[in-house]
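Note: the block below is entry_6.txt and it holds compact mmCIF, C-alpha atoms.
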# COMPACT_ATOMS: atom_id res chain seq x y z
CA MET A 1 278.02 193.24 118.18
CA PRO A 2 279.70 196.57 117.24
CA ALA A 3 281.35 196.75 113.83
CA ASN A 4 285.10 196.26 113.87
CA ARG A 5 286.82 196.52 110.52
CA ALA A 6 290.15 195.21 111.83
CA ALA A 7 288.57 192.12 113.45
CA GLU A 8 286.45 191.52 110.36
CA ASN A 9 289.49 191.51 108.08
CA ALA A 10 291.66 189.51 110.50
CA LEU A 11 289.08 186.74 110.94
CA GLY A 12 288.23 186.82 107.24
CA THR A 13 291.94 186.45 106.42
CA ILE A 14 292.28 183.41 108.70
CA GLY A 15 289.17 181.90 107.11
CA THR A 16 290.55 182.58 103.65
CA VAL A 17 293.90 180.99 104.54
CA CYS A 18 292.04 177.91 105.80
CA TRP A 19 289.93 177.73 102.65
CA THR A 20 293.01 178.31 100.50
CA ILE A 21 295.02 175.44 101.95
CA GLN A 22 292.18 173.10 102.94
CA LEU A 23 292.25 171.24 99.63
CA VAL A 24 296.05 170.96 99.63
CA PRO A 25 296.05 167.93 102.02
CA GLN A 26 293.42 166.25 99.82
CA ILE A 27 295.38 166.97 96.63
CA TRP A 28 298.58 165.68 98.27
CA HIS A 29 296.78 162.59 99.61
CA SER A 30 295.46 161.71 96.15
CA HIS A 31 298.88 162.30 94.58
CA ARG A 32 300.72 160.23 97.21
CA THR A 33 298.34 157.26 97.06
CA LYS A 34 297.81 157.56 93.28
CA SER A 35 294.12 157.01 93.96
CA THR A 36 290.92 158.96 94.52
CA ASP A 37 288.83 155.93 95.56
CA GLY A 38 286.30 157.04 98.16
CA LEU A 39 286.46 160.69 97.06
CA SER A 40 283.42 161.75 95.07
CA GLU A 41 284.39 163.62 91.91
CA TRP A 42 280.99 165.34 92.13
CA LEU A 43 281.98 166.85 95.47
CA VAL A 44 284.99 168.72 94.09
CA LEU A 45 283.33 169.50 90.75
CA LEU A 46 280.26 171.10 92.35
CA TRP A 47 282.48 172.95 94.83
CA GLY A 48 284.44 174.37 91.90
CA VAL A 49 281.21 175.48 90.22
CA SER A 50 279.87 176.96 93.47
CA GLY A 51 282.97 179.13 93.74
CA ALA A 52 281.94 181.02 90.58
CA PHE A 53 278.51 181.80 92.07
CA LEU A 54 279.90 182.70 95.49
CA GLY A 55 282.63 184.81 93.86
CA THR A 56 280.02 186.80 91.96
CA TYR A 57 278.08 187.35 95.18
CA THR A 58 281.08 188.48 97.27
CA ILE A 59 282.36 190.90 94.61
CA VAL A 60 279.00 192.54 93.94
CA GLN A 61 278.26 192.75 97.67
CA ASN A 62 281.72 194.22 98.21
CA LEU A 63 282.59 191.99 101.15
CA ASN A 64 286.07 192.24 102.67
CA ILE A 65 289.04 191.39 100.44
CA PRO A 66 289.82 188.00 102.04
CA LEU A 67 286.22 186.85 101.52
CA ILE A 68 286.39 188.00 97.89
CA LEU A 69 289.63 186.10 97.26
CA GLN A 70 288.45 182.92 98.97
CA PRO A 71 285.95 181.68 96.31
CA GLN A 72 288.50 182.22 93.54
CA LEU A 73 291.16 180.14 95.26
CA PHE A 74 288.55 177.59 96.31
CA THR A 75 287.51 177.11 92.68
CA VAL A 76 291.09 176.72 91.45
CA LEU A 77 291.94 174.00 94.01
CA SER A 78 288.57 172.23 93.64
CA PHE A 79 289.16 171.82 89.92
CA VAL A 80 292.70 170.52 90.60
CA SER A 81 291.19 167.77 92.76
CA TRP A 82 288.54 167.12 90.11
CA ALA A 83 291.27 166.73 87.47
CA GLN A 84 292.97 164.18 89.74
CA CYS A 85 289.72 162.20 89.81
CA GLN A 86 289.74 162.18 86.01
CA TYR A 87 293.32 160.93 85.94
CA TYR A 88 293.33 158.37 88.76
CA ALA A 89 289.72 157.14 88.88
CA ARG A 90 288.53 157.54 85.30
CA LYS A 91 291.94 156.57 83.88
CA ARG A 92 292.06 159.48 81.45
CA SER A 93 295.45 160.49 80.10
CA LYS A 94 297.43 163.17 81.91
CA ALA A 95 297.11 165.52 78.94
CA ALA A 96 293.32 165.05 78.80
CA SER A 97 292.99 165.64 82.56
CA ILE A 98 295.04 168.85 82.40
CA ALA A 99 293.06 170.05 79.38
CA MET A 100 289.78 169.40 81.24
CA TYR A 101 291.10 171.35 84.22
CA PHE A 102 291.96 174.46 82.22
CA ALA A 103 288.74 174.20 80.22
CA ALA A 104 286.62 174.12 83.40
CA LEU A 105 288.63 176.97 84.92
CA SER A 106 288.25 179.13 81.80
CA ILE A 107 284.52 178.45 81.45
CA PHE A 108 283.62 179.35 85.02
CA ALA A 109 286.04 182.29 85.25
CA GLY A 110 284.35 183.75 82.16
CA PHE A 111 280.96 182.96 83.65
CA GLU A 112 281.80 184.78 86.88
CA VAL A 113 283.11 187.89 85.14
CA GLY A 114 280.07 188.01 82.86
CA MET A 115 277.66 187.62 85.78
CA ILE A 116 279.36 190.40 87.76
CA PHE A 117 278.85 192.86 84.92
CA ALA A 118 275.30 191.59 84.37
CA VAL A 119 274.18 191.82 88.00
CA PHE A 120 275.99 194.96 89.19
CA PRO A 121 273.75 197.54 87.47
CA SER A 122 270.58 196.09 89.01
CA TYR A 123 272.31 195.90 92.40
CA ARG A 124 273.25 199.59 92.23
CA ALA A 125 269.63 200.35 91.31
CA GLY A 126 268.53 198.68 94.55
CA ASN A 127 267.37 195.35 93.11
CA MET A 128 268.86 192.78 95.50
CA ALA A 129 267.14 189.69 94.07
CA PRO A 130 269.73 188.79 91.38
CA VAL A 131 272.76 189.01 93.64
CA GLU A 132 270.96 187.16 96.44
CA PHE A 133 270.19 184.38 93.96
CA PHE A 134 273.94 183.86 93.41
CA GLY A 135 274.58 183.71 97.14
CA ILE A 136 271.71 181.31 97.80
CA PHE A 137 272.53 179.08 94.83
CA SER A 138 276.16 178.82 95.93
CA SER A 139 274.91 177.61 99.33
CA ILE A 140 272.74 175.00 97.64
CA LEU A 141 275.65 173.77 95.50
CA ILE A 142 278.08 173.59 98.43
CA SER A 143 275.54 171.62 100.46
CA ALA A 144 274.42 169.35 97.61
CA ALA A 145 278.05 168.57 96.73
CA LEU A 146 278.47 166.63 99.96
CA LEU A 147 275.54 164.30 99.25
CA PRO A 148 277.56 162.17 96.75
CA GLN A 149 280.34 162.05 99.35
CA TYR A 150 277.89 160.73 101.92
CA TYR A 151 276.98 158.02 99.42
CA GLU A 152 280.68 157.07 99.13
CA ILE A 153 280.83 156.80 102.91
CA TYR A 154 277.70 154.62 102.90
CA LYS A 155 279.13 152.42 100.13
CA TYR A 156 282.48 151.81 101.83
CA LYS A 157 281.01 151.79 105.36
CA GLU A 158 283.87 154.11 106.36
CA VAL A 159 285.52 157.38 105.33
CA VAL A 160 288.20 156.49 102.77
CA GLY A 161 289.93 158.46 100.03
CA ILE A 162 289.18 161.79 101.66
CA SER A 163 291.65 163.56 103.93
CA ILE A 164 290.31 164.23 107.43
CA THR A 165 292.82 167.10 107.68
CA PHE A 166 291.13 168.58 104.62
CA MET A 167 287.71 168.33 106.27
CA ALA A 168 288.96 169.77 109.58
CA VAL A 169 290.66 172.78 107.95
CA ASP A 170 287.61 173.34 105.75
CA LEU A 171 285.41 173.35 108.85
CA LEU A 172 287.69 175.87 110.60
CA GLY A 173 287.57 178.10 107.53
CA GLY A 174 283.78 178.19 107.78
CA VAL A 175 283.97 179.08 111.48
CA PHE A 176 286.38 181.99 110.95
CA ASN A 177 284.47 183.30 107.95
CA ASP A 178 281.27 183.24 110.02
CA LEU A 179 283.02 185.16 112.80
CA SER A 180 284.31 187.75 110.34
CA LEU A 181 280.73 188.48 109.23
CA ALA A 182 279.77 189.10 112.85
CA PHE A 183 282.00 192.19 112.88
CA LYS A 184 280.48 193.75 109.77
CA ASP A 185 278.21 196.78 109.98
CA GLU A 186 275.36 194.47 108.96
CA PHE A 187 275.51 190.68 109.20
CA ASP A 188 275.24 189.07 105.76
CA VAL A 189 272.67 186.31 106.26
CA VAL A 190 273.21 184.54 102.92
CA ALA A 191 276.99 184.35 103.34
CA GLY A 192 276.51 183.30 106.96
CA VAL A 193 274.20 180.44 105.96
CA THR A 194 276.73 179.31 103.33
CA TYR A 195 279.62 179.19 105.79
CA SER A 196 277.50 177.59 108.52
CA LEU A 197 276.38 174.82 106.18
CA VAL A 198 280.02 174.05 105.43
CA VAL A 199 280.73 173.76 109.15
CA LEU A 200 277.74 171.45 109.67
CA LEU A 201 278.29 169.18 106.68
CA ASP A 202 282.05 168.88 107.20
CA GLY A 203 281.36 168.06 110.81
CA VAL A 204 279.14 165.15 109.74
CA VAL A 205 281.98 163.70 107.62
CA ILE A 206 284.45 164.01 110.50
CA LEU A 207 281.96 162.41 112.90
CA CYS A 208 281.48 159.52 110.45
CA ALA A 209 285.25 159.02 110.33
CA ILE A 210 285.48 158.98 114.13
CA ILE A 211 282.69 156.39 114.44
CA LEU A 212 282.93 154.25 111.28
CA ASN A 213 286.68 153.99 110.66
CA PRO A 214 287.52 152.17 113.95
CA LEU A 215 284.58 149.82 113.34
CA ALA A 216 285.86 149.12 109.82
CA ARG A 217 289.37 148.37 111.14
CA ARG A 218 288.01 145.91 113.68
CA ARG A 219 285.85 144.30 110.97
CA ARG A 220 288.89 143.81 108.75
CA LYS A 221 290.84 142.27 111.64
CA ARG A 222 288.01 139.79 112.31
CA LEU A 223 287.85 138.86 108.63
CA ALA A 224 291.62 138.41 108.51
CA ALA A 225 291.53 136.19 111.62
CA ALA A 226 288.63 134.18 110.20
CA GLY A 227 290.51 133.83 106.92
CA SER A 228 293.60 132.48 108.72
CA THR A 229 291.51 129.95 110.65
CA SER A 230 289.80 128.88 107.44
CA ASP A 231 293.16 128.40 105.72
CA VAL A 232 294.43 126.18 108.53
CA ALA A 233 291.24 124.09 108.49
CA GLN A 234 291.42 123.72 104.71
CA ALA A 235 295.07 122.62 104.85
CA SER A 236 294.23 120.04 107.54
CA ALA A 237 291.33 118.71 105.47
CA GLU A 238 293.51 118.41 102.38
CA HIS A 239 296.16 116.55 104.40
CA SER A 240 293.55 114.11 105.72
CA LEU A 241 292.25 113.56 102.21
CA GLU A 242 295.73 112.72 100.98
CA ASP A 243 296.11 110.19 103.79
CA ASP A 244 292.84 108.54 102.80
CA LYS A 245 293.98 108.21 99.20
CA ARG A 246 297.25 106.40 100.04
CA PRO A 247 297.18 102.63 99.16
CA GLU A 248 296.89 100.37 102.17
CA GLN A 249 299.93 98.11 102.80
CA ASN A 250 299.34 94.34 103.17
CA VAL A 251 300.07 93.70 106.82
CA VAL A 252 300.55 90.03 107.78
CA PRO A 253 299.16 89.21 111.22
CA ALA A 254 301.67 88.01 113.83
CA GLU A 255 300.09 84.49 114.10
CA GLU A 256 300.41 83.91 110.37
CA ARG A 257 304.06 85.00 110.49
CA GLU A 258 304.77 82.46 113.25
CA VAL A 259 303.06 79.61 111.30
CA ALA A 260 305.06 80.53 108.20
CA ALA A 261 308.30 80.49 110.20
CA ASP A 262 307.50 77.00 111.68
CA THR A 263 306.75 75.69 108.19
CA ASP A 264 310.06 77.00 106.88
CA ARG A 265 311.92 75.30 109.73
CA ALA A 266 310.11 71.98 109.10
CA ILE A 267 310.87 72.01 105.39
CA LEU A 268 314.46 73.16 105.63
CA PRO A 269 316.10 69.80 106.94
CA ALA A 270 314.34 67.75 104.26
CA ASP A 271 315.54 70.03 101.57
CA VAL A 272 319.10 69.80 102.92
CA GLU A 273 318.99 65.99 102.87
CA LYS A 274 317.83 66.02 99.24
CA VAL A 275 320.70 68.28 98.32
CA GLY A 276 323.20 66.04 100.16
CA ALA A 277 321.89 62.90 98.43
Taking this structure as input, can you express it in the form of structure tokens?
Amino acid sequence: MPANRAAENALGTIGTVCWTIQLVPQIWHSHRTKSTDGLSEWLVLLWGVSGAFLGTYTIVQNLNIPLILQPQLFTVLSFVSWAQCQYYARKRSKAASIAMYFAALSIFAGFEVGMIFAVFPSYRAGNMAPVEFFGIFSSILISAALLPQYYEIYKYKEVVGISITFMAVDLLGGVFNDLSLAFKDEFDVVAGVTYSLVVLLDGVVILCAIILNPLARRRRKRLAAAGSTSDVAQASAEHSLEDDKRPEQNVVPAEEREVAADTDRAILPADVEKVGA
């Protein structure tokens, strides 16, 4: 495909916008529900760390401006979500969670700047191995980060705690970033693999949500119906037990009542005569 600088920047900008806002639905979801249950803190932590490696790679490789900005914004939002996990899931104080956020941001921002200055001289000398390491390692981190999330899905038997909008926008960001690379003078294989892995792994999460979430809803309905039936049966059994515990009343047979009545009538005149006498 012929190089097209305008198309490269346009598609890269769309991808960057997607990867800038993709974590916003997840951050809002966690804030609204006051919970991060089902969201792996390792997912957002490793994504934040991977942004420092990918940022080093994109700056040294001098990719287009949108693709250079994307890892920086990705890291900032990933660490915001990670701080939410500290606050909601780990029950740390708000002050501690905010302090951890800024500490992580400062550490990896300093790491990225230091690595850029460390790697750039060798890159200009024609040694591609160091910069390629940063690109490859960022791909490994982005991919590995989703493994703990897959475990959360396996544990809950459905996709909970993670915004599907977040996954869908993240997937689209990978698609547009891949397309932007196609219009470069030379296709960047490492960056392309990174973006393609995001598309693949996000797609697996979305597919799990499509398949597992309806099954989980039906399972909960069956359990609720079974619970209602069990409650009715238990109430009926308790009622029967109370009936069994009631003391039996002495019931006089009809024949005995008639004999008693005849006896009373036979005795009554004699008693009257005694009273009259």
- Message: Here is a test: counting all atoms listed in the file, which residue of A:Ser228, A:Val24, A:Val60, A:Trp19 is nearest to Arg124 (chain A)?
- Response: A:Val60
- Query: For Asn177 (chain A), which of A:Ala118, A:Pro71, A:Trp28, A:Ile59 is the closest residue, counting all atoms listed in the file?
  - Reply: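 Among the listed residues, the smallest separation from Asn177 (chain A) belongs to A:Pro71.
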- Item | Point-to-point distance in Å for CA of Glu186 (chain A) and CA of Ser50 (chain A) | 23.8 Å
- Item | Selection: 10 Å around Leu146 (chain A), only C-alpha atoms, excl. self and same-chain fewer than 2 positions, as a ChimeraX atom specification | /A:40,42-44,46-47,141-144,148-152,198,201-202,204-205
Quick one: write out the picked residues with C-alpha atoms as a CSV table (one decimal), in the frame of the given file?
chain,number,residue,atom,x,y,z
A,40,SER,CA,283.4,161.8,95.1
A,42,TRP,CA,281.0,165.3,92.1
A,43,LEU,CA,282.0,166.8,95.5
A,44,VAL,CA,285.0,168.7,94.1
A,46,LEU,CA,280.3,171.1,92.4
A,47,TRP,CA,282.5,173.0,94.8
A,141,LEU,CA,275.6,173.8,95.5
A,142,ILE,CA,278.1,173.6,98.4
A,143,SER,CA,275.5,171.6,100.5
A,144,ALA,CA,274.4,169.4,97.6
A,148,PRO,CA,277.6,162.2,96.8
A,149,GLN,CA,280.3,162.0,99.4
A,150,TYR,CA,277.9,160.7,101.9
A,151,TYR,CA,277.0,158.0,99.4
A,152,GLU,CA,280.7,157.1,99.1
A,198,VAL,CA,280.0,174.0,105.4
A,201,LEU,CA,278.3,169.2,106.7
A,202,ASP,CA,282.0,168.9,107.2
A,204,VAL,CA,279.1,165.2,109.7
A,205,VAL,CA,282.0,163.7,107.6
- Message: Ranking A:Leu171, A:Leu67, A:Leu105, A:Ile210 by minimum distance to Glu8 (chain A) and counting only C-alpha atoms, which one comes first?
- Response: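 Between A:Leu171, A:Leu67, A:Leu105, A:Ile210, the residue approaching Glu8 (chain A) most closely is A:Leu67.
Each of A:Ser122, A:Ser196, A:Thr75, A:Ser30 was compared to Leu181 (chain A) using all atoms listed in the file, and A:Ser196 turns out to be the nearest.
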- Message: Considering all atoms listed in the file, can you say which of A:Gly48, A:Gly126, A:Gly161, A:Gly203 comes closest to Ala89 (chain A)?
- Response: A:Gly161
- Determine, counting only C-alpha atoms, which protein, DNA and RNA residues have an atom within 12 Å of an atom of Val190 (chain A); residues of the same chain fewer than 5 positions away are not included. Present the result as a ChimeraX atom specification. /A:54,57-58,61,128-129,131-140,178,181,195-197
Convert the current residue selection to file output with C-alpha atoms, as a PDB file, keeping the file's coordinate frame.
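Dumped everything to again_8.pdb:
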ATOM      1  CA  LEU A  54     279.900 182.700  95.490  1.00  0.00           C
ATOM      2  CA  TYR A  57     278.080 187.350  95.180  1.00  0.00           C
ATOM      3  CA  THR A  58     281.080 188.480  97.270  1.00  0.00           C
ATOM      4  CA  GLN A  61     278.260 192.750  97.670  1.00  0.00           C
ATOM      5  CA  MET A 128     268.860 192.780  95.500  1.00  0.00           C
ATOM      6  CA  ALA A 129     267.140 189.690  94.070  1.00  0.00           C
ATOM      7  CA  VAL A 131     272.760 189.010  93.640  1.00  0.00           C
ATOM      8  CA  GLU A 132     270.960 187.160  96.440  1.00  0.00           C
ATOM      9  CA  PHE A 133     270.190 184.380  93.960  1.00  0.00           C
ATOM     10  CA  PHE A 134     273.940 183.860  93.410  1.00  0.00           C
ATOM     11  CA  GLY A 135     274.580 183.710  97.140  1.00  0.00           C
ATOM     12  CA  ILE A 136     271.710 181.310  97.800  1.00  0.00           C
ATOM     13  CA  PHE A 137     272.530 179.080  94.830  1.00  0.00           C
ATOM     14  CA  SER A 138     276.160 178.820  95.930  1.00  0.00           C
ATOM     15  CA  SER A 139     274.910 177.610  99.330  1.00  0.00           C
ATOM     16  CA  ILE A 140     272.740 175.000  97.640  1.00  0.00           C
ATOM     17  CA  ASP A 178     281.270 183.240 110.020  1.00  0.00           C
ATOM     18  CA  LEU A 181     280.730 188.480 109.230  1.00  0.00           C
ATOM     19  CA  TYR A 195     279.620 179.190 105.790  1.00  0.00           C
ATOM     20  CA  SER A 196     277.500 177.590 108.520  1.00  0.00           C
ATOM     21  CA  LEU A 197     276.380 174.820 106.180  1.00  0.00           C
TER      22      LEU A 197
END
- So what do you get for CA of Cys208 (chain A) versus CA of Val159 (chain A), distance-wise?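 If I compute the distance from CA of Cys208 (chain A) to CA of Val159 (chain A), I get 6.9 Å.
Of the residues listed (A:Ile65, A:Ala7, A:Ala109, A:Ile162), A:Ala109 shows the shortest atom-to-atom separation from Gly51 (chain A); distances use only C-alpha atoms.
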- What is the CA of Asn213 (chain A)-CA of Glu158 (chain A) distance in Å, reported with one decimal? 5.1 Å
